[in-house]
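S.K.: Below is a structure I'd like to ask you about.
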Amino acid sequence: MNEKLLLEKAKEARELSYSPYSHFAVGAALLSRDGTIYKGANIENASYPLCMCGERNAIYNAYMHGVKKEDILALAIVADTDNVCSPCGACRQVICELCNDETKIILGNLKGDIKVVTPKDLLPFSFSSEDLK
Ligand code: THU
């Protein structure tokens with residue numbers, strides 16, 4: 001599956017966003033090794049800190065179907081941004097732990113801009129399980 005196709009799936013997920021407070025809809029689509037795609041969108045709440053980002057929902061959706069970090073080939077993220085949609089800090093931390101070093105993180109927007117990065121590009125020198133030993 002190419003980058004554009006996975007971003008199309010992320011756009012489909014974005015349609016399911018529940019974002020009545022920010023009016024900022026984010027969609028994500030995760031591609032696993034067996035070809036299955038797991039979607040996520042941001043889901044907000046009147047109690048603002050409970051809002052959950054689209055990319056984390058996609059990752060958690062995949063894990064709830066038994067996907068392991070080594071199975072995650074790519075994660076596409078899309079929003080209606082001027083530049084490609086860049087994950088928040090919390091999502092970067094989760095991406096680094098739950099994806100793998102080779103996972104392609106495909107950042108996009110509705111205009112068709114695309115940038116492909118790795119988890120480590122997003123969060124160099126990160127805190128990880130290694131630090132807990
Ligand atoms: N949001 C995401 O879904 N992903 C990000 O990486 C950035 C922010 C959501 C959270 C909230 O629902 C809305 O975008 C505005 O911050």
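As shown in the structure tokens, the chain order sets the letters A, B, ...; within each chain, residues go from 1, and ligands are also counted from 1 in the order they appear.
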Select the residues contacting ligand 1 at a distance of at most 8 Å, based on only C-alpha atoms and all ligand atoms, then format the selection as a list in words.
M.R.: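 Checked against 8 Å with only C-alpha atoms and all ligand atoms; the hits are Tyr18, Ser19, Tyr21, Ser22, His23, Phe24, Ala25, Val26, Gly27, Ala41, Asn42, Ile43, Glu44, Cys51, Met52, Cys53, Gly54, Glu55, Arg56, Cys85, Ser86, Pro87, Cys88, Gly89, Ala90 and Cys91 of chain A.
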S.K.: Find the residues near Glu70 of chain A: any atom within 12 Å, counting only C-alpha atoms, skip ones fewer than 3 places away on the same chain, and give them as JSON, numbers by chain.
M.R.: {"A": [31, 32, 33, 34, 63, 66, 67, 73, 74, 97, 98, 99, 100, 101, 102, 103]}
S.K.: As a PyMOL selection string, please: the residues near Leu122 of chain A (cut-off 7 Å, only C-alpha atoms, same-chain neighbours under 3 positions excluded).
M.R.: chain A and resi 92+118-119
S.K.: Kindly save the residues from that selection, with N, CA and C atoms included, as a PDB file, in the first residue's frame.
M.R.:
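To be explicit, this is the file written out as selection.pdb:
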ATOM      1  N   ARG A  92       3.724  11.663  20.119  1.00  0.00           N
ATOM      2  CA  ARG A  92       5.100  11.283  19.758  1.00  0.00           C
ATOM      3  C   ARG A  92       5.654  10.262  20.752  1.00  0.00           C
ATOM      4  N   THR A 118      10.356   9.008  10.648  1.00  0.00           N
ATOM      5  CA  THR A 118      10.391   7.846  11.543  1.00  0.00           C
ATOM      6  C   THR A 118       9.986   8.305  12.946  1.00  0.00           C
ATOM      7  N   PRO A 119       9.636   7.345  13.818  1.00  0.00           N
ATOM      8  CA  PRO A 119       9.335   7.735  15.205  1.00  0.00           C
ATOM      9  C   PRO A 119      10.468   8.530  15.841  1.00  0.00           C
TER      10      PRO A 119
END
S.K.: I need the residues in segment 35-107 of chain A that are strand (DSSP E) according to DSSP; give them as an NGL selection string.
M.R.: :A and (37-41 or 72-79 or 104-107)
S.K.: Could you pull out all residues of chain A with a DSSP call of alpha helix (DSSP H) and give them as an MDAnalysis selection string?
M.R.: chainID A and resid 3:14 54:63 89:98 119:122
S.K.: Using only N, CA and C atoms, please write the residues we just selected to a file, as an mmCIF file, in the first residue's frame.
M.R.:
data_model
loop_
_atom_site.group_PDB
_atom_site.id
_atom_site.type_symbol
_atom_site.label_atom_id
_atom_site.label_comp_id
_atom_site.auth_asym_id
_atom_site.auth_seq_id
_atom_site.Cartn_x
_atom_site.Cartn_y
_atom_site.Cartn_z
ATOM 1 N N GLU A 3 1.818 5.471 0.139
ATOM 2 C CA GLU A 3 1.563 6.509 1.146
ATOM 3 C C GLU A 3 0.240 7.232 0.902
ATOM 4 N N LYS A 4 -0.025 7.515 -0.364
ATOM 5 C CA LYS A 4 -1.251 8.267 -0.698
ATOM 6 C C LYS A 4 -2.497 7.464 -0.336
ATOM 7 N N LEU A 5 -2.443 6.161 -0.601
ATOM 8 C CA LEU A 5 -3.603 5.314 -0.295
ATOM 9 C C LEU A 5 -3.874 5.262 1.208
ATOM 10 N N LEU A 6 -2.795 5.149 1.991
ATOM 11 C CA LEU A 6 -2.992 5.100 3.446
ATOM 12 C C LEU A 6 -3.516 6.436 3.960
ATOM 13 N N LEU A 7 -3.056 7.521 3.334
ATOM 14 C CA LEU A 7 -3.584 8.839 3.721
ATOM 15 C C LEU A 7 -5.069 8.962 3.362
ATOM 16 N N GLU A 8 -5.483 8.322 2.289
ATOM 17 C CA GLU A 8 -6.916 8.316 1.942
ATOM 18 C C GLU A 8 -7.721 7.633 3.041
ATOM 19 N N LYS A 9 -7.164 6.539 3.571
ATOM 20 C CA LYS A 9 -7.836 5.828 4.674
ATOM 21 C C LYS A 9 -7.890 6.715 5.915
ATOM 22 N N ALA A 10 -6.814 7.473 6.134
ATOM 23 C CA ALA A 10 -6.797 8.397 7.278
ATOM 24 C C ALA A 10 -7.866 9.484 7.094
ATOM 25 N N LYS A 11 -8.061 9.907 5.859
ATOM 26 C CA LYS A 11 -9.110 10.909 5.597
ATOM 27 C C LYS A 11 -10.488 10.328 5.888
ATOM 28 N N GLU A 12 -10.678 9.056 5.538
ATOM 29 C CA GLU A 12 -11.954 8.399 5.863
ATOM 30 C C GLU A 12 -12.159 8.386 7.372
ATOM 31 N N ALA A 13 -11.106 8.058 8.092
ATOM 32 C CA ALA A 13 -11.198 8.032 9.560
ATOM 33 C C ALA A 13 -11.527 9.422 10.099
ATOM 34 N N ARG A 14 -10.940 10.427 9.478
ATOM 35 C CA ARG A 14 -11.148 11.811 9.917
ATOM 36 C C ARG A 14 -12.623 12.195 9.887
ATOM 37 N N GLY A 54 -6.308 11.455 17.314
ATOM 38 C CA GLY A 54 -6.608 10.479 16.281
ATOM 39 C C GLY A 54 -5.552 9.399 16.134
ATOM 40 N N GLU A 55 -4.289 9.796 16.157
ATOM 41 C CA GLU A 55 -3.234 8.796 15.926
ATOM 42 C C GLU A 55 -3.118 7.825 17.090
ATOM 43 N N ARG A 56 -3.346 8.334 18.309
ATOM 44 C CA ARG A 56 -3.324 7.397 19.442
ATOM 45 C C ARG A 56 -4.509 6.441 19.369
ATOM 46 N N ASN A 57 -5.661 6.945 18.952
ATOM 47 C CA ASN A 57 -6.812 6.035 18.828
ATOM 48 C C ASN A 57 -6.545 4.952 17.775
ATOM 49 N N ALA A 58 -5.869 5.301 16.697
ATOM 50 C CA ALA A 58 -5.559 4.298 15.669
ATOM 51 C C ALA A 58 -4.597 3.233 16.228
ATOM 52 N N ILE A 59 -3.585 3.682 16.952
ATOM 53 C CA ILE A 59 -2.614 2.737 17.522
ATOM 54 C C ILE A 59 -3.302 1.832 18.554
ATOM 55 N N TYR A 60 -4.111 2.430 19.412
ATOM 56 C CA TYR A 60 -4.779 1.630 20.449
ATOM 57 C C TYR A 60 -5.794 0.679 19.818
ATOM 58 N N ASN A 61 -6.444 1.113 18.764
ATOM 59 C CA ASN A 61 -7.363 0.253 18.025
ATOM 60 C C ASN A 61 -6.614 -0.983 17.507
ATOM 61 N N ALA A 62 -5.439 -0.743 16.922
ATOM 62 C CA ALA A 62 -4.645 -1.865 16.395
ATOM 63 C C ALA A 62 -4.232 -2.819 17.521
ATOM 64 N N TYR A 63 -3.744 -2.255 18.609
ATOM 65 C CA TYR A 63 -3.326 -3.109 19.735
ATOM 66 C C TYR A 63 -4.510 -3.939 20.260
ATOM 67 N N GLY A 89 3.039 16.272 21.277
ATOM 68 C CA GLY A 89 4.100 15.641 22.072
ATOM 69 C C GLY A 89 3.679 14.317 22.685
ATOM 70 N N ALA A 90 2.448 14.266 23.194
ATOM 71 C CA ALA A 90 1.974 13.021 23.826
ATOM 72 C C ALA A 90 1.927 11.900 22.788
ATOM 73 N N CYS A 91 1.448 12.217 21.604
ATOM 74 C CA CYS A 91 1.389 11.196 20.547
ATOM 75 C C CYS A 91 2.788 10.753 20.138
ATOM 76 N N ARG A 92 3.724 11.663 20.119
ATOM 77 C CA ARG A 92 5.100 11.283 19.758
ATOM 78 C C ARG A 92 5.654 10.262 20.752
ATOM 79 N N GLN A 93 5.376 10.492 22.036
ATOM 80 C CA GLN A 93 5.830 9.552 23.059
ATOM 81 C C GLN A 93 5.207 8.176 22.843
ATOM 82 N N VAL A 94 3.914 8.147 22.558
ATOM 83 C CA VAL A 94 3.207 6.876 22.344
ATOM 84 C C VAL A 94 3.693 6.204 21.058
ATOM 85 N N ILE A 95 3.876 6.984 20.001
ATOM 86 C CA ILE A 95 4.369 6.431 18.736
ATOM 87 C C ILE A 95 5.732 5.770 18.954
ATOM 88 N N CYS A 96 6.613 6.425 19.701
ATOM 89 C CA CYS A 96 7.953 5.878 19.926
ATOM 90 C C CYS A 96 7.909 4.553 20.675
ATOM 91 N N GLU A 97 6.988 4.408 21.604
ATOM 92 C CA GLU A 97 6.932 3.153 22.373
ATOM 93 C C GLU A 97 6.154 2.057 21.660
ATOM 94 N N LEU A 98 5.077 2.406 20.985
ATOM 95 C CA LEU A 98 4.168 1.372 20.465
ATOM 96 C C LEU A 98 4.368 1.061 18.979
ATOM 97 N N PRO A 119 9.636 7.345 13.818
ATOM 98 C CA PRO A 119 9.335 7.735 15.205
ATOM 99 C C PRO A 119 10.468 8.530 15.841
ATOM 100 N N LYS A 120 11.709 8.107 15.575
ATOM 101 C CA LYS A 120 12.850 8.811 16.198
ATOM 102 C C LYS A 120 13.042 10.213 15.639
ATOM 103 N N ASP A 121 12.637 10.421 14.383
ATOM 104 C CA ASP A 121 12.683 11.797 13.843
ATOM 105 C C ASP A 121 11.758 12.695 14.670
ATOM 106 N N LEU A 122 10.616 12.107 15.069
ATOM 107 C CA LEU A 122 9.605 12.904 15.781
ATOM 108 C C LEU A 122 10.017 13.197 17.217
#
S.K.: Excluding same-chain residues fewer than 3 positions from Leu30 of chain A, what lies within 6 Å of it counting only C-alpha atoms, as a PyMOL selection string?
M.R.: chain A and resi 37-38+74-75
S.K.: Print the selection's residues with N, CA and C atoms to a file, as a compact mmCIF listing (two decimals), in the first residue's frame.
M.R.:
# COMPACT_ATOMS: atom_id res chain seq x y z
N ILE A 37 -5.89 -2.53 7.95
CA ILE A 37 -5.78 -1.11 8.29
C ILE A 37 -6.65 -0.83 9.51
N TYR A 38 -6.07 -0.15 10.46
CA TYR A 38 -6.80 0.22 11.68
C TYR A 38 -6.90 1.74 11.71
N ALA A 74 3.20 1.16 8.91
CA ALA A 74 3.04 2.59 8.64
C ALA A 74 1.86 3.16 9.41
N LEU A 75 1.95 4.46 9.66
CA LEU A 75 0.86 5.18 10.33
C LEU A 75 0.70 6.51 9.60
S.K.: Kindly give the distance, in Å, that separates atom CA of Ala28 of chain A and atom CA of Ala79 of chain A, rounded to a single decimal.
M.R.: 9.0 Å
S.K.: Please compute the atom CA of Gly108 of chain A-atom CA of Val84 of chain A distance, one decimal, in Å.
M.R.: 4.5 Å
